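Have a look at coords-v7.cif; it's mmCIF, C-alpha atoms:
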```
data_upload
#
loop_
_atom_site.label_atom_id
_atom_site.label_comp_id
_atom_site.auth_asym_id
_atom_site.auth_seq_id
_atom_site.Cartn_x
_atom_site.Cartn_y
_atom_site.Cartn_z
CA MET V 1 12.30 -173.65 51.69
CA GLU V 2 11.73 -170.03 52.50
CA LEU V 3 13.45 -167.07 50.82
CA ILE V 4 14.84 -164.49 53.24
CA LYS V 5 16.76 -161.24 52.95
CA LEU V 6 20.03 -161.52 54.83
CA ASN V 7 21.42 -159.15 57.42
CA LYS V 8 24.38 -158.99 59.80
CA THR V 9 22.86 -161.61 62.12
CA HIS V 10 23.50 -164.23 59.41
CA HIS V 11 27.24 -163.49 59.20
CA ASP V 12 28.54 -166.41 61.26
CA ARG V 13 26.26 -168.97 59.60
CA LEU V 14 27.33 -167.77 56.13
CA LEU V 15 30.98 -168.11 57.16
CA ASP V 16 30.29 -171.66 58.37
CA LEU V 17 28.59 -172.57 55.08
CA GLU V 18 31.53 -171.15 53.09
CA GLU V 19 33.99 -173.24 55.09
CA GLN V 20 31.90 -176.43 54.84
CA MET V 21 31.43 -176.09 51.09
CA TYR V 22 34.90 -175.08 49.89
CA TRP V 23 37.52 -175.15 52.66
CA TYR V 24 37.08 -178.46 54.45
CA GLU V 25 40.19 -180.52 53.65
CA GLY V 26 43.87 -180.57 52.77
CA LYS V 27 45.68 -177.43 51.64
CA TRP V 28 42.35 -175.56 51.41
CA LYS V 29 41.60 -176.25 55.09
CA ASP V 30 45.11 -175.06 56.02
CA LEU V 31 44.63 -171.86 54.00
CA TRP V 32 41.22 -171.32 55.65
CA ASP V 33 42.70 -171.63 59.11
CA LYS V 34 45.72 -169.46 58.24
CA GLU V 35 44.01 -166.50 56.53
CA ALA V 36 41.02 -167.24 54.30
CA LYS V 37 38.50 -167.31 57.14
CA ARG V 38 39.32 -163.70 57.99
CA LYS V 39 39.12 -162.62 54.33
CA PHE V 40 35.71 -164.25 53.86
CA SER V 41 34.48 -162.87 57.15
CA ASP V 42 35.35 -159.40 55.84
CA LEU V 43 33.70 -160.10 52.47
CA ILE V 44 30.47 -161.27 54.09
CA ALA V 45 30.37 -158.30 56.48
CA ASP V 46 31.06 -155.89 53.60
CA TYR V 47 28.17 -157.21 51.47
CA LEU V 48 25.73 -157.37 54.38
CA THR V 49 26.59 -153.77 55.24
CA ASN V 50 27.05 -152.14 51.84
CA PHE V 51 24.74 -154.02 49.47
CA PRO V 52 22.29 -156.06 51.59
CA GLN V 53 19.58 -155.78 48.92
CA GLY V 54 21.61 -158.23 46.82
CA CYS V 55 22.04 -160.76 49.66
CA PHE V 56 19.44 -163.48 50.10
CA GLY V 57 19.22 -166.98 51.40
CA LEU V 58 17.02 -169.99 51.86
CA THR V 59 15.97 -171.36 55.21
CA GLU V 60 14.45 -174.66 56.18
CA ASN V 61 12.95 -174.98 59.66
CA GLY V 62 14.70 -171.71 60.57
CA ASP V 63 18.16 -172.94 59.47
CA LEU V 64 20.01 -171.03 56.73
CA ILE V 65 20.77 -173.71 54.13
CA GLY V 66 22.08 -171.65 51.20
CA SER V 67 22.81 -168.17 49.97
CA ILE V 68 23.68 -166.04 46.97
CA PHE V 69 25.07 -162.52 47.02
CA LEU V 70 24.47 -160.40 43.93
CA ILE V 71 26.28 -157.20 43.01
CA LYS V 72 25.29 -154.83 40.21
CA LEU V 73 27.80 -154.42 37.39
CA SER V 74 27.80 -152.66 34.02
CA ASP V 75 30.44 -154.85 32.35
CA LEU V 76 30.31 -158.62 32.03
CA LYS V 77 33.70 -159.74 33.33
CA PRO V 78 35.02 -161.85 36.20
CA ILE V 79 35.65 -159.92 39.39
CA PRO V 80 37.84 -161.38 42.14
CA TYR V 81 35.96 -163.79 44.38
CA VAL V 82 37.32 -161.97 47.42
CA ASN V 83 36.25 -158.42 46.64
CA LYS V 84 34.98 -155.23 48.19
CA VAL V 85 31.54 -153.94 47.24
CA ALA V 86 32.81 -150.37 46.78
CA ASP V 87 35.39 -151.51 44.22
CA TYR V 88 32.86 -153.07 41.84
CA LEU V 89 29.30 -151.96 42.59
CA ASP V 90 27.73 -149.88 39.83
CA VAL V 91 24.32 -148.80 41.11
CA LYS V 92 23.29 -148.02 37.51
CA GLY V 93 24.49 -151.41 36.26
CA ASN V 94 22.07 -153.88 34.73
CA ILE V 95 23.99 -157.11 35.42
CA ALA V 96 23.31 -159.02 38.64
CA TYR V 97 26.63 -160.79 39.16
CA VAL V 98 26.72 -163.76 41.53
CA SER V 99 29.62 -162.91 43.79
CA PHE V 100 29.00 -165.45 46.57
CA PHE V 101 27.28 -168.85 46.48
CA VAL V 102 26.99 -171.46 49.23
CA THR V 103 24.75 -174.40 50.04
CA LYS V 104 24.59 -176.64 53.05
CA LYS V 105 26.35 -179.89 52.26
CA GLU V 106 23.62 -182.49 52.30
CA LYS V 107 21.95 -184.90 49.95
CA ASN V 108 19.55 -182.27 48.58
CA ASP V 109 22.20 -179.65 47.83
CA ARG V 110 21.18 -179.75 44.15
CA GLU V 111 17.61 -178.84 45.09
CA ILE V 112 18.90 -176.01 47.30
CA ALA V 113 21.16 -174.72 44.52
CA GLN V 114 18.34 -174.91 41.96
CA GLU V 115 16.05 -172.91 44.22
CA LEU V 116 18.78 -170.34 44.89
CA TYR V 117 19.38 -169.76 41.18
CA ASP V 118 15.66 -169.58 40.45
CA ARG V 119 15.32 -166.96 43.19
CA ALA V 120 18.43 -165.09 41.97
CA GLU V 121 16.48 -164.13 38.87
CA GLU V 122 13.68 -162.67 41.03
CA VAL V 123 16.11 -160.75 43.23
CA ALA V 124 17.96 -159.48 40.15
CA ILE V 125 14.74 -157.96 38.85
CA GLU V 126 14.03 -156.44 42.29
CA ILE V 127 17.40 -154.66 42.25
CA GLY V 128 16.86 -153.37 38.72
CA CYS V 129 18.89 -155.78 36.61
CA THR V 130 18.09 -157.35 33.24
CA LYS V 131 20.78 -160.05 33.28
CA VAL V 132 22.25 -162.53 35.74
CA ALA V 133 25.89 -163.58 35.37
CA VAL V 134 27.88 -166.31 37.09
CA VAL V 135 31.59 -167.12 36.89
CA ILE V 136 32.37 -170.83 37.05
CA ASN V 137 35.77 -172.43 37.39
CA ASN V 138 34.91 -175.93 38.57
CA SER V 139 31.42 -176.41 39.96
CA HIS V 140 29.50 -179.23 38.32
CA LEU V 141 26.54 -178.55 40.59
CA GLU V 142 26.21 -174.94 39.45
CA GLU V 143 26.99 -175.68 35.79
CA GLU V 144 24.28 -178.31 35.61
CA ILE V 145 21.70 -175.90 37.03
CA LEU V 146 22.78 -172.97 34.86
CA ILE V 147 22.62 -175.07 31.69
CA GLY V 148 19.20 -176.37 32.74
CA ASN V 149 18.07 -172.76 33.29
CA ASN V 150 19.17 -171.79 29.75
CA TYR V 151 22.16 -169.69 30.75
CA GLU V 152 24.57 -169.04 27.90
CA LYS V 153 28.17 -170.13 28.40
CA SER V 154 30.81 -167.71 27.15
CA LYS V 155 32.82 -168.95 24.20
CA GLU V 156 35.87 -167.27 25.67
CA ARG V 157 37.79 -168.51 28.69
CA TYR V 158 38.68 -165.84 31.22
CA GLU V 159 41.19 -165.60 34.02
CA TRP V 160 39.56 -165.27 37.44
CA GLU V 161 41.15 -164.48 40.77
CA ILE V 162 39.56 -167.20 42.87
CA TYR V 163 41.59 -166.13 45.91
CA PRO V 164 44.10 -163.28 46.27
CA GLY V 165 47.11 -164.23 44.14
CA MET V 166 45.47 -167.42 42.78
CA MET V 167 44.28 -167.29 39.17
CA VAL V 168 42.18 -169.97 37.47
CA SER V 169 40.50 -170.20 34.09
CA CYS V 170 36.75 -169.80 34.03
CA TYR V 171 33.68 -169.31 31.89
CA ILE V 172 30.93 -166.78 32.38
CA TYR V 173 27.37 -168.02 32.27
CA SER V 174 24.69 -165.38 31.70
CA TYR V 175 20.95 -165.19 31.34
CA SER V 176 18.95 -162.30 29.96
CA LEU V 177 15.90 -161.71 32.13
CA LEU V 178 14.15 -159.96 29.24
CA LEU V 179 13.70 -163.40 27.69
CA GLU V 180 11.87 -164.76 30.73
CA GLU V 181 8.63 -165.45 28.86
CA SER V 182 10.45 -167.66 26.32
CA ARG V 183 11.74 -170.08 28.94
#
```
Write out the structure in this file as structure tokens.
Amino acid sequence: MELIKLNKTHHDRLLDLEEQMYWYEGKWKDLWDKEAKRKFSDLIADYLTNFPQGCFGLTENGDLIGSIFLIKLSDLKPIPYVNKVADYLDVKGNIAYVSFFVTKKEKNDREIAQELYDRAEEVAIEIGCTKVAVVINNSHLEEEILIGNNYEKSKERYEWEIYPGMMVSCYIYSYSLLLEESR
């Protein structure tokens, strides 16, 4: 797997990965077809245009197989999943917040996710952050990796806007990069 910086040429592939991972059946597929695809297309374009330094992915044989978008924040709190960079980016912030996560659906998706989160820590340091934070509602794959990487789970449950007008409870997982040598 090779780490790459993302740019606008990756837009359509990222949109495909988002759909395949989260929006592939039932009411979620209907919502994707009705309006969510457009909202996520806008989100991806916004990040690739306005904070590309926080956007990275993994490729295998030239195929994009996973991605994380980071945004810099000053306060540790859930931001809406569908967001605009300008509404939340704090260039002086020290928290690298995972605002977008996708992996190709295949038997090694755990390996892809693990590599993405390992690389997120490197990218966070590159963009000047000392902490990585992730909001989790219901992702056993991510939770398993974050726990294995010594992320701390918030004691408090938060409300998170997973989609415009849809609130879910969540936890925030965070990892202080200053403690890297103790891992």
### Task
Could you please determine the separation between CA of Phe69 in chain V and CA of Lys155 in chain V in Å, to one decimal place?
24.9 Å
### 6 Å contact set for Cys170 in chain V, only C-alpha atoms, chain neighbours under 3 positions out, as a PyMOL selection string
chain V and resi 136-137+157-158
### Task
Starting from the displayed file, determine the output of the PyMOL selection byres ((chain V and resi 97) around 8) and express the residue list as a ChimeraX atom specification.
/V:70-73,95-96,98-99,132-134
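CA of Val168 in chain V is positioned 21.1 Å from CA of Lys34 in chain V.
One finds CA of Glu60 in chain V at 12.0 Å from CA of Thr103 in chain V.
Among the candidate residues V:Val135, V:Leu177, V:Leu146, V:Ile44, the one lying nearest to Arg13 in chain V is V:Ile44, with distances computed using all atoms listed in the file.
Within the file as shown, the PyMOL selection byres ((chain V and resi 161) around 9) identifies Pro78, Ile79, Pro80, Tyr81, Val82, Glu159, Trp160, Ile162, Tyr163, Pro164, Gly165, Met166, Met167, Val168 and Ser169 of chain V.
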### Query
With all atoms listed in the file as the atoms that count, which of V:Gly66, V:Gly26, V:Gly93, V:Gly128 lies nearest to Lys5 in chain V?
V:Gly66
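Counting only C-alpha atoms and comparing V:Leu76, V:His10, V:Ser176, V:Leu141, the residue that lies closest to Asn108 in chain V is V:Leu141.
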### Message
Using all atoms listed in the file - which residues lie no farther than 10 Å from the point (17.5, -162.1, 42.7) in the file's frame? Write them as a list in words.
### Response
Gln53, Gly54, Cys55, Phe56, Ile68, Phe69, Leu70, Ala96, Tyr97, Val98, Leu116, Tyr117, Asp118, Arg119, Ala120, Glu121, Glu122, Val123, Ala124, Ile125, Glu126, Ile127, Gly128, Cys129 and Val132 of chain V
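Of the residues listed (V:Asp42, V:Asn83, V:Thr130, V:Ile172), V:Ile172 shows the shortest atom-to-atom separation from Glu143 in chain V; distances use only C-alpha atoms.
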Distance query Leu48 in chain V at most 8 Å, all atoms listed in the file, self and fewer than 5 positions along chain excluded, as a compact mmCIF listing (two decimals) with C-alpha atoms, keeping the file's coordinate frame:
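What follows is the written file around-v4.txt:
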```txt
# COMPACT_ATOMS: atom_id res chain seq x y z
CA LEU V 6 20.03 -161.52 54.83
CA ASN V 7 21.42 -159.15 57.42
CA LYS V 8 24.38 -158.99 59.80
CA HIS V 11 27.24 -163.49 59.20
CA CYS V 55 22.04 -160.76 49.66
```
Please return range 88-111 of chain V, rebuilt to N, CA and C atoms, as an mmCIF file, in the frame of the given file.
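Saved the output as part-v5.cif:
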```
data_model
loop_
_atom_site.group_PDB
_atom_site.id
_atom_site.type_symbol
_atom_site.label_atom_id
_atom_site.label_comp_id
_atom_site.auth_asym_id
_atom_site.auth_seq_id
_atom_site.Cartn_x
_atom_site.Cartn_y
_atom_site.Cartn_z
ATOM 1 N N TYR V 88 33.508 -152.526 43.028
ATOM 2 C CA TYR V 88 32.860 -153.070 41.840
ATOM 3 C C TYR V 88 31.404 -152.658 41.644
ATOM 4 N N LEU V 89 30.711 -152.290 42.690
ATOM 5 C CA LEU V 89 29.300 -151.960 42.590
ATOM 6 C C LEU V 89 29.066 -150.774 41.664
ATOM 7 N N ASP V 90 28.184 -150.959 40.696
ATOM 8 C CA ASP V 90 27.730 -149.880 39.830
ATOM 9 C C ASP V 90 26.218 -149.814 40.002
ATOM 10 N N VAL V 91 25.743 -148.865 40.790
ATOM 11 C CA VAL V 91 24.320 -148.800 41.110
ATOM 12 C C VAL V 91 23.455 -148.636 39.871
ATOM 13 N N LYS V 92 24.034 -148.159 38.764
ATOM 14 C CA LYS V 92 23.290 -148.020 37.510
ATOM 15 C C LYS V 92 23.460 -149.245 36.614
ATOM 16 N N GLY V 93 24.248 -150.208 37.060
ATOM 17 C CA GLY V 93 24.490 -151.410 36.260
ATOM 18 C C GLY V 93 23.242 -152.242 36.084
ATOM 19 N N ASN V 94 23.238 -153.030 35.011
ATOM 20 C CA ASN V 94 22.070 -153.880 34.730
ATOM 21 C C ASN V 94 22.378 -155.373 34.843
ATOM 22 N N ILE V 95 23.593 -155.711 35.283
ATOM 23 C CA ILE V 95 23.990 -157.110 35.420
ATOM 24 C C ILE V 95 24.026 -157.469 36.909
ATOM 25 N N ALA V 96 23.273 -158.486 37.282
ATOM 26 C CA ALA V 96 23.310 -159.020 38.640
ATOM 27 C C ALA V 96 24.338 -160.151 38.639
ATOM 28 N N TYR V 97 25.496 -159.874 39.175
ATOM 29 C CA TYR V 97 26.630 -160.790 39.160
ATOM 30 C C TYR V 97 26.633 -161.593 40.458
ATOM 31 N N VAL V 98 26.668 -162.901 40.350
ATOM 32 C CA VAL V 98 26.720 -163.760 41.530
ATOM 33 C C VAL V 98 28.142 -163.712 42.083
ATOM 34 N N SER V 99 28.291 -163.061 43.225
ATOM 35 C CA SER V 99 29.620 -162.910 43.790
ATOM 36 C C SER V 99 29.891 -163.857 44.962
ATOM 37 N N PHE V 100 28.852 -164.541 45.431
ATOM 38 C CA PHE V 100 29.000 -165.450 46.570
ATOM 39 C C PHE V 100 27.890 -166.483 46.460
ATOM 40 N N PHE V 101 28.248 -167.754 46.580
ATOM 41 C CA PHE V 101 27.280 -168.850 46.480
ATOM 42 C C PHE V 101 27.678 -169.939 47.459
ATOM 43 N N VAL V 102 26.747 -170.340 48.316
ATOM 44 C CA VAL V 102 26.990 -171.460 49.230
ATOM 45 C C VAL V 102 25.708 -172.252 49.424
ATOM 46 N N THR V 103 25.870 -173.546 49.638
ATOM 47 C CA THR V 103 24.750 -174.400 50.040
ATOM 48 C C THR V 103 25.233 -175.282 51.182
ATOM 49 N N LYS V 104 24.292 -175.679 51.992
ATOM 50 C CA LYS V 104 24.590 -176.640 53.050
ATOM 51 C C LYS V 104 24.924 -177.956 52.371
ATOM 52 N N LYS V 105 25.958 -178.607 52.843
ATOM 53 C CA LYS V 105 26.350 -179.890 52.260
ATOM 54 C C LYS V 105 25.431 -180.969 52.798
ATOM 55 N N GLU V 106 24.517 -181.393 51.960
ATOM 56 C CA GLU V 106 23.620 -182.490 52.300
ATOM 57 C C GLU V 106 23.108 -183.098 51.017
ATOM 58 N N LYS V 107 22.360 -184.168 51.144
ATOM 59 C CA LYS V 107 21.950 -184.900 49.950
ATOM 60 C C LYS V 107 21.069 -184.104 49.006
ATOM 61 N N ASN V 108 20.386 -183.068 49.482
ATOM 62 C CA ASN V 108 19.550 -182.270 48.580
ATOM 63 C C ASN V 108 20.205 -180.944 48.201
ATOM 64 N N ASP V 109 21.535 -180.904 48.175
ATOM 65 C CA ASP V 109 22.200 -179.650 47.830
ATOM 66 C C ASP V 109 21.871 -179.205 46.399
ATOM 67 N N ARG V 110 21.575 -180.128 45.507
ATOM 68 C CA ARG V 110 21.180 -179.750 44.150
ATOM 69 C C ARG V 110 19.844 -179.011 44.176
ATOM 70 N N GLU V 111 18.916 -179.500 44.960
ATOM 71 C CA GLU V 111 17.610 -178.840 45.090
ATOM 72 C C GLU V 111 17.770 -177.442 45.696
#
```
